[in-house]
$ cat protein.cif   # mmCIF, C-alpha atoms
data_target
#
loop_
_atom_site.group_PDB
_atom_site.id
_atom_site.type_symbol
_atom_site.label_atom_id
_atom_site.label_comp_id
_atom_site.auth_asym_id
_atom_site.auth_seq_id
_atom_site.Cartn_x
_atom_site.Cartn_y
_atom_site.Cartn_z
ATOM 1 C CA MET J 209 110.729 85.444 112.001
ATOM 2 C CA ASN J 210 112.787 84.820 108.871
ATOM 3 C CA LYS J 211 111.494 86.050 105.520
ATOM 4 C CA TYR J 212 112.710 84.219 102.429
ATOM 5 C CA LEU J 213 112.675 85.450 98.856
ATOM 6 C CA VAL J 214 110.385 83.410 96.601
ATOM 7 C CA ILE J 215 110.631 83.667 92.827
ATOM 8 C CA TYR J 216 107.408 83.110 90.865
ATOM 9 C CA GLU J 217 107.617 82.294 87.161
ATOM 10 C CA GLN J 218 104.805 81.827 84.670
ATOM 11 C CA GLY J 219 105.417 79.344 81.878
ATOM 12 C CA GLU J 220 104.341 79.638 78.266
ATOM 13 C CA ASP J 221 101.434 77.294 79.020
ATOM 14 C CA GLY J 222 100.146 79.673 81.719
ATOM 15 C CA ALA J 223 101.102 77.431 84.652
ATOM 16 C CA TRP J 224 103.227 78.778 87.496
ATOM 17 C CA GLY J 225 106.342 77.631 89.299
ATOM 18 C CA ALA J 226 107.976 78.944 92.468
ATOM 19 C CA TYR J 227 111.249 78.440 94.301
ATOM 20 C CA SER J 228 113.381 80.112 96.932
ATOM 21 C CA PRO J 229 117.110 80.526 96.311
ATOM 22 C CA ASP J 230 117.671 80.386 100.083
ATOM 23 C CA LEU J 231 115.851 77.076 100.567
ATOM 24 C CA GLU J 232 117.587 74.404 98.517
ATOM 25 C CA GLY J 233 115.221 71.941 96.923
ATOM 26 C CA VAL J 234 112.019 73.741 97.926
ATOM 27 C CA PHE J 235 109.740 74.449 94.972
ATOM 28 C CA ALA J 236 106.095 74.301 93.938
ATOM 29 C CA LEU J 237 103.984 74.158 90.784
ATOM 30 C CA GLY J 238 100.429 75.309 90.172
ATOM 31 C CA ARG J 239 97.901 76.245 87.525
ATOM 32 C CA THR J 240 97.446 79.764 88.935
ATOM 33 C CA ARG J 241 99.556 82.232 90.899
ATOM 34 C CA ASP J 242 97.309 81.778 93.940
ATOM 35 C CA GLU J 243 97.645 78.012 93.739
ATOM 36 C CA VAL J 244 101.431 78.075 93.466
ATOM 37 C CA GLU J 245 101.675 80.556 96.372
ATOM 38 C CA SER J 246 99.599 78.239 98.560
ATOM 39 C CA ARG J 247 101.616 75.192 97.533
ATOM 40 C CA MET J 248 104.895 77.024 98.127
ATOM 41 C CA GLN J 249 103.778 77.947 101.650
ATOM 42 C CA GLU J 250 102.991 74.274 102.289
ATOM 43 C CA ALA J 251 106.348 73.189 100.831
ATOM 44 C CA VAL J 252 108.278 75.628 103.018
ATOM 45 C CA GLU J 253 106.389 74.553 106.146
ATOM 46 C CA ALA J 254 107.078 70.868 105.396
ATOM 47 C CA TRP J 255 110.755 71.607 104.747
ATOM 48 C CA VAL J 256 111.080 73.510 108.045
ATOM 49 C CA GLU J 257 109.403 70.630 109.870
ATOM 50 C CA LEU J 258 111.965 68.198 108.412
ATOM 51 C CA LEU J 259 114.828 70.458 109.466
ATOM 52 C CA ASN J 260 113.413 70.627 112.986
ATOM 53 C CA GLU J 261 113.050 66.827 113.141
ATOM 54 C CA ASP J 262 116.687 66.455 112.064
ATOM 55 C CA GLY J 263 117.828 69.076 114.585
ATOM 56 C CA LYS J 264 119.205 71.316 111.834
ATOM 57 C CA PRO J 265 119.015 75.113 111.967
ATOM 58 C CA LEU J 266 117.134 77.214 109.437
ATOM 59 C CA PRO J 267 119.420 78.894 106.929
ATOM 60 C CA LYS J 268 119.671 82.656 107.171
ATOM 61 C CA PRO J 269 117.984 84.470 104.312
ATOM 62 C CA CYS J 270 120.618 86.051 102.068
ATOM 63 C CA HIS J 271 118.819 86.801 98.786
ATOM 64 C CA GLU J 272 116.889 89.947 97.944
ATOM 65 C CA ALA J 273 115.224 91.202 94.785
ATOM 66 C CA GLY J 274 114.635 94.555 93.213
ATOM 67 C CA TYR J 275 113.600 96.111 89.950
ATOM 68 C CA ILE J 276 115.346 98.405 87.497
ATOM 69 C CA GLY J 277 113.224 100.397 85.075
ATOM 70 C CA VAL J 278 114.093 100.584 81.389
ATOM 71 C CA ALA J 279 112.231 102.835 78.974
ATOM 72 C CA GLU J 280 110.459 101.032 76.137
ATOM 73 C CA GLY J 281 111.598 101.730 72.617
ATOM 74 C CA ARG J 282 115.124 102.512 73.734
ATOM 75 C CA PRO J 283 117.730 101.233 71.272
ATOM 76 C CA ALA J 284 119.968 98.428 72.483
ATOM 77 C CA ALA J 285 123.553 99.368 73.279
#
$ encode --input "protein.cif" --output "structure tokens"
Amino acid sequence: MNKYLVIYEQGEDGAWGAYSPDLEGVFALGRTRDEVESRMQEAVEAWVELLNEDGKPLPKPCHEAGYIGVAEGRPAA
């Protein structure tokens, strides 16, 4: 099973967007994080189905994410 990175972003209006840098053109929008997660799952499944119908292979996941901590109140360099 392949696992693909999904980036979730909340807009200033409170709505959410999601995309995967490994899956070109696959994205979703929703009013809540739960809604956008569900819609992104549906979008990925539909995209995989189209690839299968066209006889194309799934791309290999190549993106990862991590966090770096920065202390608050630290002066900028």
$ residues_around --input "protein.cif" --residues "Pro269 in chain J" --least-positions-apart "2" --cutoff "8 Å" --atoms "all atoms listed in the file" --output "PyMOL selection string"
chain J and resi 210-213+230+267+271
$ write_last_selection --input "protein.cif" --atoms "C-alpha atoms" --output "tab-separated table (two decimals), in the coordinates of the input"
chain	number	residue	atom	x	y	z
J	210	ASN	CA	112.79	84.82	108.87
J	211	LYS	CA	111.49	86.05	105.52
J	212	TYR	CA	112.71	84.22	102.43
J	213	LEU	CA	112.68	85.45	98.86
J	230	ASP	CA	117.67	80.39	100.08
J	267	PRO	CA	119.42	78.89	106.93
J	271	HIS	CA	118.82	86.80	98.79
$ closest_residue --input "protein.cif" --among "J:Gly238, J:Pro265, J:Gly274, J:Gly281" --to "Ala223 in chain J" --atoms "all atoms listed in the file"
J:Gly238
$ residues_around --input "protein.cif" --residues "Glu243 in chain J" --least-positions-apart "3" --cutoff "12 Å" --atoms "only C-alpha atoms" --output "ChimeraX atom specification"
/J:216,223-226,236-240,246-250
$ atom_distance --input "protein.cif" --atom1 "CA of Met209 in chain J" --atom2 "CA of Tyr275 in chain J"
24.7 Å
$ atom_distance --input "protein.cif" --atom1 "CA of Gly219 in chain J" --atom2 "CA of Val234 in chain J"
18.2 Å
$ atom_distance --input "protein.cif" --atom1 "CA of Glu280 in chain J" --atom2 "CA of Gly222 in chain J"
24.4 Å
$ closest_residue --input "protein.cif" --among "J:Ser228, J:Glu272, J:Gly277, J:Asn260" --to "Glu245 in chain J" --atoms "all atoms listed in the file"
J:Ser228
$ axis_aligned_box --input "protein.cif" --around "range 213-230 of chain J" --padding-each-side "4 Å" --output "AutoDock Vina command-line options"
--center_x 108.9 --center_y 81.4 --center_z 89.2 --size_x 25.5 --size_y 16.2 --size_z 29.8
$ decode --input "protein.cif" --residues "range 233-261 of chain J" --atoms "N, CA and C atoms" --output "PDB file, in the first residue's frame"
ATOM      1  N   GLY J 233      -2.764  17.390  -9.597  1.00  0.00           N
ATOM      2  CA  GLY J 233      -4.133  17.729  -9.922  1.00  0.00           C
ATOM      3  C   GLY J 233      -5.177  17.218  -8.950  1.00  0.00           C
ATOM      4  N   VAL J 234      -4.767  16.513  -7.898  1.00  0.00           N
ATOM      5  CA  VAL J 234      -5.722  16.001  -6.924  1.00  0.00           C
ATOM      6  C   VAL J 234      -5.804  16.986  -5.766  1.00  0.00           C
ATOM      7  N   PHE J 235      -7.008  17.514  -5.528  1.00  0.00           N
ATOM      8  CA  PHE J 235      -7.202  18.449  -4.427  1.00  0.00           C
ATOM      9  C   PHE J 235      -8.650  18.378  -3.966  1.00  0.00           C
ATOM     10  N   ALA J 236      -8.925  18.970  -2.815  1.00  0.00           N
ATOM     11  CA  ALA J 236     -10.281  18.999  -2.284  1.00  0.00           C
ATOM     12  C   ALA J 236     -10.476  20.261  -1.461  1.00  0.00           C
ATOM     13  N   LEU J 237     -11.726  20.667  -1.329  1.00  0.00           N
ATOM     14  CA  LEU J 237     -12.112  21.818  -0.516  1.00  0.00           C
ATOM     15  C   LEU J 237     -13.232  21.395   0.419  1.00  0.00           C
ATOM     16  N   GLY J 238     -13.299  22.032   1.585  1.00  0.00           N
ATOM     17  CA  GLY J 238     -14.371  21.734   2.522  1.00  0.00           C
ATOM     18  C   GLY J 238     -14.517  22.814   3.568  1.00  0.00           C
ATOM     19  N   ARG J 239     -15.674  22.814   4.220  1.00  0.00           N
ATOM     20  CA  ARG J 239     -15.923  23.810   5.271  1.00  0.00           C
ATOM     21  C   ARG J 239     -15.195  23.476   6.559  1.00  0.00           C
ATOM     22  N   THR J 240     -14.951  22.175   6.805  1.00  0.00           N
ATOM     23  CA  THR J 240     -14.273  21.740   8.023  1.00  0.00           C
ATOM     24  C   THR J 240     -13.118  20.817   7.657  1.00  0.00           C
ATOM     25  N   ARG J 241     -12.241  20.577   8.620  1.00  0.00           N
ATOM     26  CA  ARG J 241     -11.120  19.660   8.382  1.00  0.00           C
ATOM     27  C   ARG J 241     -11.641  18.259   8.080  1.00  0.00           C
ATOM     28  N   ASP J 242     -12.640  17.815   8.838  1.00  0.00           N
ATOM     29  CA  ASP J 242     -13.205  16.480   8.588  1.00  0.00           C
ATOM     30  C   ASP J 242     -13.781  16.373   7.181  1.00  0.00           C
ATOM     31  N   GLU J 243     -14.485  17.419   6.765  1.00  0.00           N
ATOM     32  CA  GLU J 243     -15.086  17.401   5.435  1.00  0.00           C
ATOM     33  C   GLU J 243     -14.023  17.356   4.338  1.00  0.00           C
ATOM     34  N   VAL J 244     -12.979  18.152   4.479  1.00  0.00           N
ATOM     35  CA  VAL J 244     -11.947  18.158   3.438  1.00  0.00           C
ATOM     36  C   VAL J 244     -11.172  16.837   3.439  1.00  0.00           C
ATOM     37  N   GLU J 245     -10.971  16.220   4.600  1.00  0.00           N
ATOM     38  CA  GLU J 245     -10.310  14.911   4.635  1.00  0.00           C
ATOM     39  C   GLU J 245     -11.136  13.875   3.882  1.00  0.00           C
ATOM     40  N   SER J 246     -12.443  13.871   4.122  1.00  0.00           N
ATOM     41  CA  SER J 246     -13.326  12.921   3.447  1.00  0.00           C
ATOM     42  C   SER J 246     -13.338  13.161   1.936  1.00  0.00           C
ATOM     43  N   ARG J 247     -13.413  14.420   1.548  1.00  0.00           N
ATOM     44  CA  ARG J 247     -13.422  14.740   0.117  1.00  0.00           C
ATOM     45  C   ARG J 247     -12.084  14.418  -0.545  1.00  0.00           C
ATOM     46  N   MET J 248     -10.994  14.591   0.186  1.00  0.00           N
ATOM     47  CA  MET J 248      -9.683  14.266  -0.377  1.00  0.00           C
ATOM     48  C   MET J 248      -9.564  12.762  -0.583  1.00  0.00           C
ATOM     49  N   GLN J 249     -10.056  11.977   0.351  1.00  0.00           N
ATOM     50  CA  GLN J 249     -10.050  10.517   0.194  1.00  0.00           C
ATOM     51  C   GLN J 249     -10.823  10.131  -1.064  1.00  0.00           C
ATOM     52  N   GLU J 250     -11.988  10.732  -1.256  1.00  0.00           N
ATOM     53  CA  GLU J 250     -12.794  10.454  -2.449  1.00  0.00           C
ATOM     54  C   GLU J 250     -12.058  10.866  -3.722  1.00  0.00           C
ATOM     55  N   ALA J 251     -11.398  12.028  -3.676  1.00  0.00           N
ATOM     56  CA  ALA J 251     -10.671  12.516  -4.859  1.00  0.00           C
ATOM     57  C   ALA J 251      -9.523  11.580  -5.220  1.00  0.00           C
ATOM     58  N   VAL J 252      -8.805  11.114  -4.218  1.00  0.00           N
ATOM     59  CA  VAL J 252      -7.680  10.201  -4.473  1.00  0.00           C
ATOM     60  C   VAL J 252      -8.197   8.884  -5.057  1.00  0.00           C
ATOM     61  N   GLU J 253      -9.267   8.355  -4.478  1.00  0.00           N
ATOM     62  CA  GLU J 253      -9.826   7.095  -4.982  1.00  0.00           C
ATOM     63  C   GLU J 253     -10.293   7.238  -6.430  1.00  0.00           C
ATOM     64  N   ALA J 254     -10.923   8.357  -6.766  1.00  0.00           N
ATOM     65  CA  ALA J 254     -11.375   8.584  -8.145  1.00  0.00           C
ATOM     66  C   ALA J 254     -10.185   8.704  -9.086  1.00  0.00           C
ATOM     67  N   TRP J 255      -9.145   9.382  -8.643  1.00  0.00           N
ATOM     68  CA  TRP J 255      -7.941   9.571  -9.456  1.00  0.00           C
ATOM     69  C   TRP J 255      -7.259   8.228  -9.723  1.00  0.00           C
ATOM     70  N   VAL J 256      -7.169   7.383  -8.690  1.00  0.00           N
ATOM     71  CA  VAL J 256      -6.566   6.057  -8.854  1.00  0.00           C
ATOM     72  C   VAL J 256      -7.392   5.218  -9.822  1.00  0.00           C
ATOM     73  N   GLU J 257      -8.702   5.316  -9.721  1.00  0.00           N
ATOM     74  CA  GLU J 257      -9.580   4.575 -10.632  1.00  0.00           C
ATOM     75  C   GLU J 257      -9.328   4.998 -12.084  1.00  0.00           C
ATOM     76  N   LEU J 258      -9.172   6.298 -12.323  1.00  0.00           N
ATOM     77  CA  LEU J 258      -8.880   6.776 -13.678  1.00  0.00           C
ATOM     78  C   LEU J 258      -7.533   6.261 -14.174  1.00  0.00           C
ATOM     79  N   LEU J 259      -6.538   6.263 -13.301  1.00  0.00           N
ATOM     80  CA  LEU J 259      -5.233   5.720 -13.701  1.00  0.00           C
ATOM     81  C   LEU J 259      -5.359   4.257 -14.095  1.00  0.00           C
ATOM     82  N   ASN J 260      -6.084   3.499 -13.280  1.00  0.00           N
ATOM     83  CA  ASN J 260      -6.276   2.071 -13.567  1.00  0.00           C
ATOM     84  C   ASN J 260      -6.982   1.867 -14.904  1.00  0.00           C
ATOM     85  N   GLU J 261      -8.018   2.672 -15.172  1.00  0.00           N
ATOM     86  CA  GLU J 261      -8.748   2.559 -16.438  1.00  0.00           C
ATOM     87  C   GLU J 261      -7.853   2.858 -17.635  1.00  0.00           C
TER      88      GLU J 261
END
